[in-house]
>>> print(open('input25.tsv').read())   # TSV, C-alpha atoms
chain	number	residue	atom	x	y	z
A	1	MET	CA	-8.60	-77.80	95.63
A	2	THR	CA	-6.68	-74.54	95.68
A	3	THR	CA	-3.60	-74.80	97.83
A	4	ALA	CA	-1.42	-71.89	96.72
A	5	ALA	CA	-1.91	-68.16	96.31
A	6	TRP	CA	-2.19	-66.79	92.82
A	7	SER	CA	1.01	-65.43	91.40
A	8	PHE	CA	0.83	-61.93	89.96
A	9	THR	CA	3.40	-62.58	87.22
A	10	GLU	CA	2.21	-66.06	86.29
A	11	ASP	CA	-1.55	-65.67	86.57
A	12	ILE	CA	-2.82	-62.12	86.94
A	13	LEU	CA	-0.45	-60.27	84.61
A	14	PRO	CA	-1.01	-62.41	81.48
A	15	TRP	CA	-4.75	-62.55	82.18
A	16	LEU	CA	-4.86	-58.77	82.57
A	17	ALA	CA	-2.84	-58.23	79.38
A	18	PHE	CA	-5.03	-60.49	77.27
A	19	THR	CA	-8.23	-59.10	78.79
A	20	ILE	CA	-7.16	-55.58	77.82
A	21	ALA	CA	-6.22	-56.86	74.35
A	22	MET	CA	-9.61	-58.51	73.99
A	23	VAL	CA	-11.43	-55.32	74.99
A	24	MET	CA	-9.33	-53.31	72.55
A	25	VAL	CA	-10.05	-55.75	69.74
A	26	LEU	CA	-13.77	-55.65	70.49
A	27	ARG	CA	-13.62	-51.85	70.23
A	28	LEU	CA	-12.05	-51.94	66.77
A	29	PRO	CA	-14.38	-49.97	64.49
A	30	VAL	CA	-15.63	-51.72	61.35
A	31	VAL	CA	-16.39	-48.79	59.05
A	32	PRO	CA	-16.85	-48.67	55.28
A	33	GLY	CA	-13.47	-48.04	53.69
A	34	GLY	CA	-11.69	-48.74	56.99
A	35	ALA	CA	-8.76	-51.10	57.45
A	36	VAL	CA	-10.61	-53.47	59.75
A	37	SER	CA	-13.06	-55.97	58.33
A	38	ARG	CA	-15.58	-57.83	60.45
A	39	GLY	CA	-13.71	-61.06	59.66
A	40	ALA	CA	-10.37	-59.63	60.82
A	41	LYS	CA	-11.92	-58.38	64.04
A	42	TRP	CA	-13.35	-61.77	64.90
A	43	PHE	CA	-10.20	-63.63	63.94
A	44	PHE	CA	-8.20	-61.39	66.29
A	45	PHE	CA	-10.85	-61.88	68.94
A	46	ALA	CA	-10.63	-65.67	68.50
A	47	SER	CA	-6.83	-65.61	68.68
A	48	ILE	CA	-6.92	-63.74	71.98
A	49	ALA	CA	-9.75	-65.91	73.25
A	50	CYS	CA	-7.41	-68.89	72.80
A	51	TYR	CA	-5.17	-67.36	75.45
A	52	MET	CA	-7.99	-66.23	77.66
A	53	ILE	CA	-9.06	-69.87	77.86
A	54	GLY	CA	-5.53	-70.91	78.82
A	55	THR	CA	-4.92	-68.17	81.37
A	56	THR	CA	-8.40	-68.44	82.86
A	57	ALA	CA	-7.99	-72.21	83.21
A	58	SER	CA	-4.66	-71.56	84.90
A	59	ILE	CA	-6.23	-69.14	87.40
A	60	VAL	CA	-9.30	-71.25	88.08
A	61	GLY	CA	-7.30	-74.41	88.54
A	62	HIS	CA	-4.42	-72.80	90.41
A	63	GLY	CA	-2.80	-75.11	92.90
A	64	THR	CA	-4.76	-78.06	91.63
A	65	THR	CA	-3.58	-80.65	89.20
A	66	MET	CA	-5.66	-80.35	86.08
A	67	PRO	CA	-6.58	-83.59	84.35
A	68	GLY	CA	-4.29	-84.41	81.44
A	69	SER	CA	-7.14	-84.20	78.97
A	70	VAL	CA	-7.92	-80.61	80.03
A	71	THR	CA	-4.28	-79.60	79.71
A	72	THR	CA	-4.13	-81.19	76.26
A	73	ILE	CA	-7.27	-79.38	75.14
A	74	VAL	CA	-5.98	-76.04	76.46
A	75	ASP	CA	-2.64	-76.61	74.71
A	76	ALA	CA	-4.41	-77.60	71.51
A	77	ILE	CA	-6.57	-74.47	71.62
A	78	GLU	CA	-3.47	-72.33	72.07
A	79	VAL	CA	-2.05	-73.83	68.86
A	80	LEU	CA	-4.88	-72.08	67.01
A	81	TRP	CA	-3.50	-68.68	67.97
A	82	ILE	CA	-1.08	-68.45	65.06
A	83	PRO	CA	-3.59	-69.42	62.31
A	84	PHE	CA	-6.14	-66.99	63.76
A	85	ILE	CA	-3.60	-64.17	63.80
A	86	LEU	CA	-2.61	-65.06	60.22
A	87	PHE	CA	-6.24	-65.08	59.06
A	88	GLY	CA	-6.86	-61.76	60.82
A	89	VAL	CA	-3.86	-60.04	59.26
A	90	TYR	CA	-4.65	-61.48	55.83
A	91	SER	CA	-8.27	-60.43	56.16
A	92	MET	CA	-7.13	-56.85	56.83
A	93	TYR	CA	-4.81	-57.02	53.83
A	94	ALA	CA	-7.63	-58.31	51.61
A	95	ARG	CA	-9.86	-55.51	52.89
A	96	GLN	CA	-7.15	-52.98	52.05
A	97	GLN	CA	-6.87	-54.34	48.51
A	98	LEU	CA	-10.64	-54.24	48.12
A	99	ASN	CA	-10.76	-50.65	49.39
A	100	ASP	CA	-8.06	-49.68	46.88
A	101	ALA	CA	-9.96	-51.34	44.03
A	102	LEU	CA	-13.21	-49.63	45.03
A	103	ALA	CA	-11.49	-46.24	45.30
A	104	ALA	CA	-9.92	-46.72	41.86
A	105	GLN	CA	-13.26	-47.73	40.39
A	106	GLN	CA	-14.95	-44.73	41.98
A	107	GLY	CA	-12.23	-42.48	40.54
A	108	VAL	CA	-12.79	-43.90	37.06
A	109	VAL	CA	-16.56	-43.42	37.35
A	110	GLN	CA	-16.16	-39.82	38.58
A	111	THR	CA	-13.69	-39.01	35.80
A	112	GLY	CA	-16.06	-40.57	33.26
A	113	GLU	CA	-18.99	-38.54	34.54
A	114	MET	CA	-16.93	-35.36	34.47
A	115	MET	CA	-15.75	-36.02	30.92
A	116	GLU	CA	-19.31	-36.77	29.84
A	117	SER	CA	-20.48	-33.47	31.34
A	118	ILE	CA	-17.75	-31.59	29.51
A	119	VAL	CA	-18.57	-33.29	26.22
A	120	GLU	CA	-22.30	-32.73	26.59
A	121	THR	CA	-22.03	-29.05	27.57
A	122	THR	CA	-19.43	-27.90	25.08
A	123	PRO	CA	-20.80	-25.79	22.20
A	124	ALA	CA	-18.58	-27.67	19.71
A	125	GLY	CA	-19.93	-30.79	18.07
A	126	ILE	CA	-18.16	-34.00	19.05
A	127	LEU	CA	-18.52	-37.27	17.16
A	128	VAL	CA	-17.17	-40.73	17.76
A	129	LEU	CA	-16.78	-42.57	14.48
A	130	ASP	CA	-16.28	-46.25	13.78
A	131	PRO	CA	-13.53	-47.33	11.32
A	132	THR	CA	-15.94	-46.96	8.40
A	133	GLY	CA	-16.79	-43.37	9.33
A	134	TRP	CA	-20.28	-43.99	10.71
A	135	ILE	CA	-21.31	-42.05	13.78
A	136	THR	CA	-21.47	-44.15	16.93
A	137	TYR	CA	-21.81	-41.24	19.36
A	138	ALA	CA	-22.68	-37.57	19.02
A	139	ASN	CA	-22.91	-35.00	21.75
A	140	GLU	CA	-25.80	-32.61	22.14
A	141	ALA	CA	-24.21	-29.89	19.98
A	142	ALA	CA	-23.37	-32.36	17.19
A	143	ARG	CA	-26.94	-33.69	17.16
A	144	ARG	CA	-28.26	-30.17	16.85
A	145	LEU	CA	-25.76	-29.05	14.18
A	146	LEU	CA	-26.18	-32.18	12.04
A	147	ASP	CA	-29.89	-32.79	12.68
A	148	LEU	CA	-29.16	-36.25	14.05
A	149	GLU	CA	-32.01	-38.27	15.44
A	150	GLU	CA	-31.77	-41.20	17.80
A	151	VAL	CA	-33.55	-44.30	16.54
A	152	PRO	CA	-35.76	-45.55	19.37
A	153	ASP	CA	-34.96	-49.05	20.67
A	154	LEU	CA	-31.82	-49.36	18.53
A	155	GLY	CA	-29.95	-46.48	20.14
A	156	SER	CA	-28.27	-45.66	16.83
A	157	LEU	CA	-28.29	-42.26	15.18
A	158	ARG	CA	-30.19	-41.46	12.00
A	159	THR	CA	-29.06	-38.70	9.65
A	160	PRO	CA	-31.52	-36.65	7.64
A	161	GLY	CA	-29.80	-37.93	4.49
A	162	TRP	CA	-27.08	-35.33	4.16
A	163	LYS	CA	-23.81	-35.95	2.38
A	164	VAL	CA	-20.39	-34.98	3.63
A	165	SER	CA	-17.38	-33.63	1.77
A	166	CYS	CA	-14.09	-33.38	3.64
A	167	GLY	CA	-10.67	-31.96	2.85
A	168	ASP	CA	-9.20	-28.86	1.26
A	169	THR	CA	-11.35	-29.32	-1.79
A	170	ALA	CA	-14.33	-30.19	0.37
A	171	ALA	CA	-16.85	-28.46	-1.75
A	172	GLY	CA	-15.70	-30.23	-4.90
A	173	SER	CA	-14.90	-33.70	-3.54
A	174	GLU	CA	-17.15	-36.71	-3.85
A	175	PRO	CA	-19.77	-36.45	-1.11
A	176	ARG	CA	-20.32	-39.44	1.18
A	177	GLU	CA	-22.97	-40.46	3.65
A	178	ASP	CA	-20.38	-40.84	6.38
A	179	PHE	CA	-17.25	-39.20	7.75
A	180	ARG	CA	-14.84	-41.85	6.41
A	181	ASP	CA	-12.36	-39.23	5.21
A	182	LEU	CA	-11.78	-38.11	8.80
A	183	VAL	CA	-10.84	-41.61	10.00
A	184	CYS	CA	-7.10	-41.90	9.52
A	185	THR	CA	-4.11	-42.92	11.60
A	186	GLU	CA	-2.80	-39.37	11.97
A	187	PRO	CA	-4.54	-36.53	13.80
A	188	ALA	CA	-5.85	-33.73	11.58
A	189	ASP	CA	-6.50	-30.06	12.43
A	190	SER	CA	-8.90	-27.56	10.94
A	191	VAL	CA	-10.18	-29.83	8.17
A	192	PRO	CA	-12.89	-28.05	6.16
A	193	VAL	CA	-16.08	-30.11	6.07
A	194	VAL	CA	-19.16	-29.36	4.03
A	195	VAL	CA	-22.44	-31.06	4.86
A	196	GLU	CA	-25.20	-30.83	2.28
A	197	TRP	CA	-28.79	-31.62	3.14
A	198	PRO	CA	-31.15	-33.23	0.59
A	199	ASN	CA	-33.06	-29.98	0.27
A	200	GLY	CA	-29.88	-28.20	-0.79
A	201	TRP	CA	-28.96	-26.59	2.51
A	202	ARG	CA	-25.28	-26.56	3.32
A	203	ARG	CA	-23.28	-26.14	6.42
A	204	ARG	CA	-19.54	-25.60	6.57
A	205	PHE	CA	-17.56	-26.80	9.51
A	206	SER	CA	-13.98	-26.81	10.64
A	207	ALA	CA	-13.11	-30.19	12.17
A	208	ASN	CA	-10.27	-31.66	14.19
A	209	SER	CA	-9.93	-35.41	14.28
A	210	ALA	CA	-7.89	-37.81	16.37
A	211	PRO	CA	-7.55	-41.53	15.66
A	212	VAL	CA	-8.66	-44.14	18.16
A	213	LEU	CA	-6.13	-46.94	18.16
A	214	ALA	CA	-6.41	-50.32	19.84
A	215	ALA	CA	-3.58	-51.62	22.04
A	216	ASP	CA	-2.10	-53.43	19.01
A	217	GLY	CA	-2.15	-50.23	16.94
A	218	VAL	CA	-5.17	-51.13	14.81
A	219	LEU	CA	-7.36	-48.17	13.87
A	220	THR	CA	-10.73	-48.62	15.55
A	221	GLY	CA	-12.28	-45.25	14.80
A	222	ALA	CA	-11.82	-41.54	15.35
A	223	ILE	CA	-12.92	-38.71	17.58
A	224	VAL	CA	-14.01	-35.62	15.67
A	225	ALA	CA	-14.66	-32.19	17.13
A	226	PHE	CA	-16.08	-29.53	14.89
A	227	ILE	CA	-17.42	-26.00	14.92
A	228	GLU	CA	-19.39	-24.15	12.32
A	229	SER	CA	-16.98	-22.13	10.20
A	230	GLU	CA	-19.64	-20.20	8.36
A	231	PRO	CA	-23.18	-19.33	9.31
A	232	TRP	CA	-26.04	-21.51	8.14
A	233	ARG	CA	-26.92	-20.95	4.50
A	234	SER	CA	-29.01	-22.59	1.88
A	235	ALA	CA	-27.76	-23.74	-1.52
A	236	ALA	CA	-29.27	-20.66	-3.05
A	237	HIS	CA	-26.76	-18.52	-1.16
B	1	MET	CA	9.32	-82.10	76.18
B	2	ASN	CA	5.64	-81.52	75.48
B	3	ALA	CA	5.05	-82.41	71.84
B	4	MET	CA	2.13	-79.97	71.59
B	5	ASN	CA	4.29	-77.08	72.81
B	6	VAL	CA	7.05	-77.97	70.37
B	7	PHE	CA	4.54	-78.22	67.50
B	8	ARG	CA	3.00	-74.88	68.49
B	9	PHE	CA	6.40	-73.20	68.53
B	10	ALA	CA	7.40	-74.76	65.19
B	11	LEU	CA	4.13	-73.67	63.61
B	12	ALA	CA	4.48	-70.14	64.96
B	13	LEU	CA	8.08	-69.92	63.86
B	14	GLY	CA	7.24	-71.22	60.39
B	15	LEU	CA	4.38	-68.78	59.88
B	16	THR	CA	6.14	-65.76	61.40
B	17	PRO	CA	7.63	-64.54	58.06
B	18	VAL	CA	4.22	-64.86	56.40
B	19	VAL	CA	2.39	-62.96	59.15
B	20	LEU	CA	5.01	-60.22	59.40
B	21	GLY	CA	5.27	-59.99	55.59
B	22	ILE	CA	1.54	-59.39	55.25
B	23	ALA	CA	1.46	-57.06	58.25
B	24	ARG	CA	4.24	-54.97	56.70
B	25	ARG	CA	2.06	-54.40	53.61
B	26	LEU	CA	-0.77	-52.95	55.65
B	27	ARG	CA	-0.96	-49.17	55.56
B	28	LEU	CA	-0.98	-48.90	59.34
B	29	PRO	CA	2.54	-47.69	60.12
B	30	GLU	CA	1.65	-46.65	63.68
B	31	ALA	CA	0.61	-50.20	64.52
B	32	ARG	CA	3.70	-51.94	63.12
B	33	LEU	CA	5.96	-51.64	66.15
B	34	PRO	CA	3.38	-52.70	68.73
B	35	PHE	CA	2.34	-55.63	66.55
B	36	LEU	CA	5.96	-56.67	66.09
B	37	ILE	CA	6.56	-56.52	69.84
B	38	GLY	CA	3.37	-58.38	70.71
B	39	PHE	CA	3.71	-61.03	68.04
B	40	LEU	CA	7.39	-61.75	68.63
B	41	ALA	CA	6.87	-61.81	72.42
B	42	ILE	CA	4.22	-64.49	72.09
B	43	VAL	CA	6.33	-66.52	69.65
B	44	THR	CA	9.26	-66.20	72.09
B	45	ALA	CA	7.01	-67.39	74.90
B	46	PHE	CA	6.04	-70.36	72.73
B	47	GLY	CA	9.72	-71.14	72.33
B	48	MET	CA	10.30	-70.82	76.07
B	49	ALA	CA	7.37	-73.17	76.70
B	50	ALA	CA	8.78	-75.65	74.19
B	51	ILE	CA	12.17	-75.82	75.96
B	52	GLN	CA	10.76	-75.41	79.48
B	53	PRO	CA	11.64	-78.92	80.73
B	54	VAL	CA	15.28	-78.42	79.76
B	55	TRP	CA	15.80	-75.99	82.64
B	56	GLY	CA	14.95	-78.66	85.18
B	57	THR	CA	17.80	-80.86	84.01
B	58	ILE	CA	20.51	-78.24	84.59
B	59	GLY	CA	22.68	-78.62	87.70
B	60	SER	CA	21.42	-80.24	90.85
B	61	ALA	CA	17.79	-80.99	91.49
B	62	GLU	CA	17.43	-77.86	93.61
B	63	THR	CA	19.14	-75.64	91.02
B	64	GLY	CA	17.04	-77.22	88.30
B	65	ALA	CA	13.82	-76.57	90.21
B	66	GLN	CA	14.83	-72.94	90.81
B	67	LEU	CA	15.72	-72.44	87.16
B	68	LEU	CA	12.45	-74.08	86.11
B	69	ALA	CA	10.41	-71.77	88.36
B	70	PHE	CA	12.35	-68.72	87.16
B	71	ALA	CA	11.92	-69.68	83.50
B	72	ARG	CA	8.19	-70.21	84.04
B	73	SER	CA	7.84	-66.76	85.61
B	74	VAL	CA	9.81	-65.14	82.80
B	75	ARG	CA	7.69	-66.98	80.22
B	76	HIS	CA	4.50	-65.66	81.71
B	77	VAL	CA	5.88	-62.14	81.79
B	78	VAL	CA	6.84	-62.51	78.12
B	79	PHE	CA	3.32	-63.76	77.39
B	80	ALA	CA	1.95	-60.72	79.19
B	81	VAL	CA	4.20	-58.46	77.10
B	82	GLY	CA	2.71	-60.14	74.03
B	83	GLY	CA	-0.80	-59.50	75.30
B	84	PHE	CA	-0.04	-55.85	76.01
B	85	GLY	CA	1.57	-55.57	72.56
B	86	LEU	CA	-1.59	-56.84	70.91
B	87	ALA	CA	-3.70	-54.49	73.03
B	88	TRP	CA	-1.46	-51.58	72.02
B	89	THR	CA	-1.74	-52.66	68.37
B	90	ALA	CA	-5.54	-52.77	68.53
B	91	TRP	CA	-5.58	-49.33	70.15
B	92	ARG	CA	-3.32	-47.85	67.45
B	93	VAL	CA	-5.41	-49.45	64.69
B	94	ARG	CA	-8.56	-48.09	66.28
B	95	LEU	CA	-7.12	-44.55	66.40
B	96	THR	CA	-5.98	-44.78	62.77
B	97	VAL	CA	-9.30	-46.11	61.50
B	98	LEU	CA	-11.25	-43.46	63.41
B	99	ALA	CA	-8.96	-40.69	62.17
B	100	GLU	CA	-9.26	-41.88	58.56
B	101	SER	CA	-13.03	-42.19	58.75
B	102	GLY	CA	-13.34	-38.75	60.32
B	103	ALA	CA	-15.24	-40.17	63.26
B	104	HIS	CA	-12.54	-39.47	65.85
B	105	ARG	CA	-13.84	-37.52	68.78
>>> encode(input="input25.tsv", output="structure tokens")
Amino acid sequence: MTTAAWSFTEDILPWLAFTIAMVMVLRLPVVPGGAVSRGAKWFFFASIACYMIGTTASIVGHGTTMPGSVTTIVDAIEVLWIPFILFGVYSMYARQQLNDALAAQQGVVQTGEMMESIVETTPAGILVLDPTGWITYANEAARRLLDLEEVPDLGSLRTPGWKVSCGDTAAGSEPREDFRDLVCTEPADSVPVVVEWPNGWRRRFSANSAPVLAADGVLTGAIVAFIESEPWRSAAH
Amino acid sequence: MNAMNVFRFALALGLTPVVLGIARRLRLPEARLPFLIGFLAIVTAFGMAAIQPVWGTIGSAETGAQLLAFARSVRHVVFAVGGFGLAWTAWRVRLTVLAESGAHR
């Protein structure tokens, strides 16, 4: 039975404060990339609900003596406030970390796409070579200049059987079926390269190469960019 | 003393550095102060609840009863401050999230 009037400071004020807090928490927006996760929102809601139960029980049972079991339950529920707040804050922190990781990943993907566009649209030929000088990647211009063909299913590149001579004495050096001479630990600029087709056609290029080194310094290949230094000519010329 | 209240206060006090440490790492600078006020007010109210019976033992029975009633009122006001602090925090977080998402109207 209620025998005393409600106290503003003891009953109404805390109830009002936590009701406002609960409404505010329910209005937290869960948006993609936002700081608030659904889990955090509901943990905060649960933490405030712990107090709403206590303050509501206090108002409803005002002036009456609540059974000891009810008081114990209400007290026990209020103990959950701190873990719920902790879970909520940690959930927001985890969400923030996840957002950062996703943003970083998106940045890497965008940069990769941009670099790929640059490589594919440049008029210079660009090759990625493995340590033995074989071509593992060629851009559109390189495929056109060197007559490279993609082998279906395998994804590897097939040459028309040309042979390559690199270096200052390119024309006189021993021709190879790969670009091994351009794979070295130091970058090289304006290296003359002669490519001779089986039918006797020759093309002369000027190539720049840069080594690709693993984290431990081991040479894992090279990047070669080249342009035609002389117009297309046949062996007869 | 109520063992549950003492346990609640001890738990809150023990986890306070963890909660505030994580909260400090959140990129929500506008919500830090309200959260600090709200959180610490509630932990203080826990502490006041834990030592509540002590007030009744001070002085005469009448003085003790008056102190007890006063302490209870103050505790509830501190609780309310905590509630308003959390409400303020949620409001600031909401504004920040809406501003960052470009959905603020």
>>> residues_around(input="input25.tsv", residues="region 96-110 of chain A", least_positions_apart="3", cutoff="10 Å", atoms="only C-alpha atoms", output="PyMOL selection string")
(chain A and resi 32-37+90-93+113-116) or (chain B and resi 25-27)
>>> closest_atom_pairs(input="input25.tsv", of="chain B", to="chain A", cutoff="7 Å", atoms="all atoms listed in the file", output="CSV")
residue,atom,partner,partner_atom,distance
B:Met4,CA,A:Asp75,CA,6.6
B:Arg8,CA,A:Val79,CA,5.2
B:Ala12,CA,A:Ile82,CA,5.8
B:Val19,CA,A:Leu86,CA,5.5
B:Ile22,CA,A:Tyr90,CA,6.6
B:Ala23,CA,A:Val89,CA,6.2
B:Leu26,CA,A:Tyr93,CA,6.0
B:Ser73,CA,A:Glu10,CA,5.7
B:His76,CA,A:Glu10,CA,5.1
B:Val77,CA,A:Thr9,CA,6.0
B:Phe79,CA,A:Pro14,CA,6.1
B:Ala80,CA,A:Pro14,CA,4.1
B:Gly83,CA,A:Ala17,CA,4.7
B:Phe84,CA,A:Ala17,CA,5.0
B:Leu86,CA,A:Ala21,CA,5.8
B:Ala87,CA,A:Ala21,CA,3.7
B:Ala90,CA,A:Val25,CA,5.5
B:Trp91,CA,A:Met24,CA,6.0
B:Arg94,CA,A:Leu28,CA,5.2
B:Val97,CA,A:Gly34,CA,5.7
B:Ser101,CA,A:Gly34,CA,6.9
>>> atom_distance(input="input25.tsv", atom1="CA of Arg204 (chain A)", atom2="CA of Ile227 (chain A)")
8.6 Å
>>> residues_near_point(input="input25.tsv", point="(-16.2, -40.2, 18.1)", cutoff="8 Å", atoms="only C-alpha atoms", output="number ranges by chain")
A: 126-130, 135-138, 221-224
>>> atom_distance(input="input25.tsv", atom1="CA of Ile59 (chain A)", atom2="CA of Trp88 (chain B)")
23.8 Å
>>> atom_distance(input="input25.tsv", atom1="CA of Thr185 (chain A)", atom2="CA of Ala124 (chain A)")
22.5 Å
>>> residues_around(input="input25.tsv", residues="Val81 (chain B)", least_positions_apart="4", cutoff="7 Å", atoms="only C-alpha atoms", output="short mmCIF file (atom, residue, chain, number, x, y, z; two decimals) with C-alpha atoms, in the coordinates of the input")
data_model
loop_
_atom_site.label_atom_id
_atom_site.label_comp_id
_atom_site.auth_asym_id
_atom_site.auth_seq_id
_atom_site.Cartn_x
_atom_site.Cartn_y
_atom_site.Cartn_z
CA GLY B 38 3.37 -58.38 70.71
CA ALA B 41 6.87 -61.81 72.42
CA VAL B 77 5.88 -62.14 81.79
CA GLY B 85 1.57 -55.57 72.56
#
>>> residues_around(input="input25.tsv", residues="Arg75 (chain B)", least_positions_apart="3", cutoff="7 Å", atoms="all atoms listed in the file", output="PyMOL selection string")
chain B and resi 45+48+71-72+78-79
>>> closest_residue(input="input25.tsv", among="A:Glu149, A:Trp42, A:Val183, A:Ser165", to="Thr220 (chain A)", atoms="all atoms listed in the file")
A:Val183
>>> axis_aligned_box(input="input25.tsv", around="region 12-21 of chain B", padding_each_side="4 Å", output="lines of an AutoDock Vina configuration file")
center_x = 5.2
center_y = -65.6
center_z = 60.3
size_x = 13.7
size_y = 19.2
size_z = 17.4
>>> residues_near_point(input="input25.tsv", point="(-27.3, -38.0, 17.0)", cutoff="8 Å", atoms="all atoms listed in the file", output="PyMOL selection string")
chain A and resi 135+137-140+142-144+146-150+156-159
>>> residues_around(input="input25.tsv", residues="Ala31 (chain B)", least_positions_apart="2", cutoff="6 Å", atoms="only C-alpha atoms", output="list in words")
Leu28, Pro29, Leu33, Pro34, Thr89 and Arg92 of chain B
>>> closest_residue(input="input25.tsv", among="B:Gly14, B:Gly82, B:Gly56, B:Gly102", to="Leu36 (chain B)", atoms="all atoms listed in the file")
B:Gly82
>>> closest_residue(input="input25.tsv", among="B:Leu13, B:Val6, B:Leu98, B:Val93", to="Arg32 (chain B)", atoms="all atoms listed in the file")
B:Val93
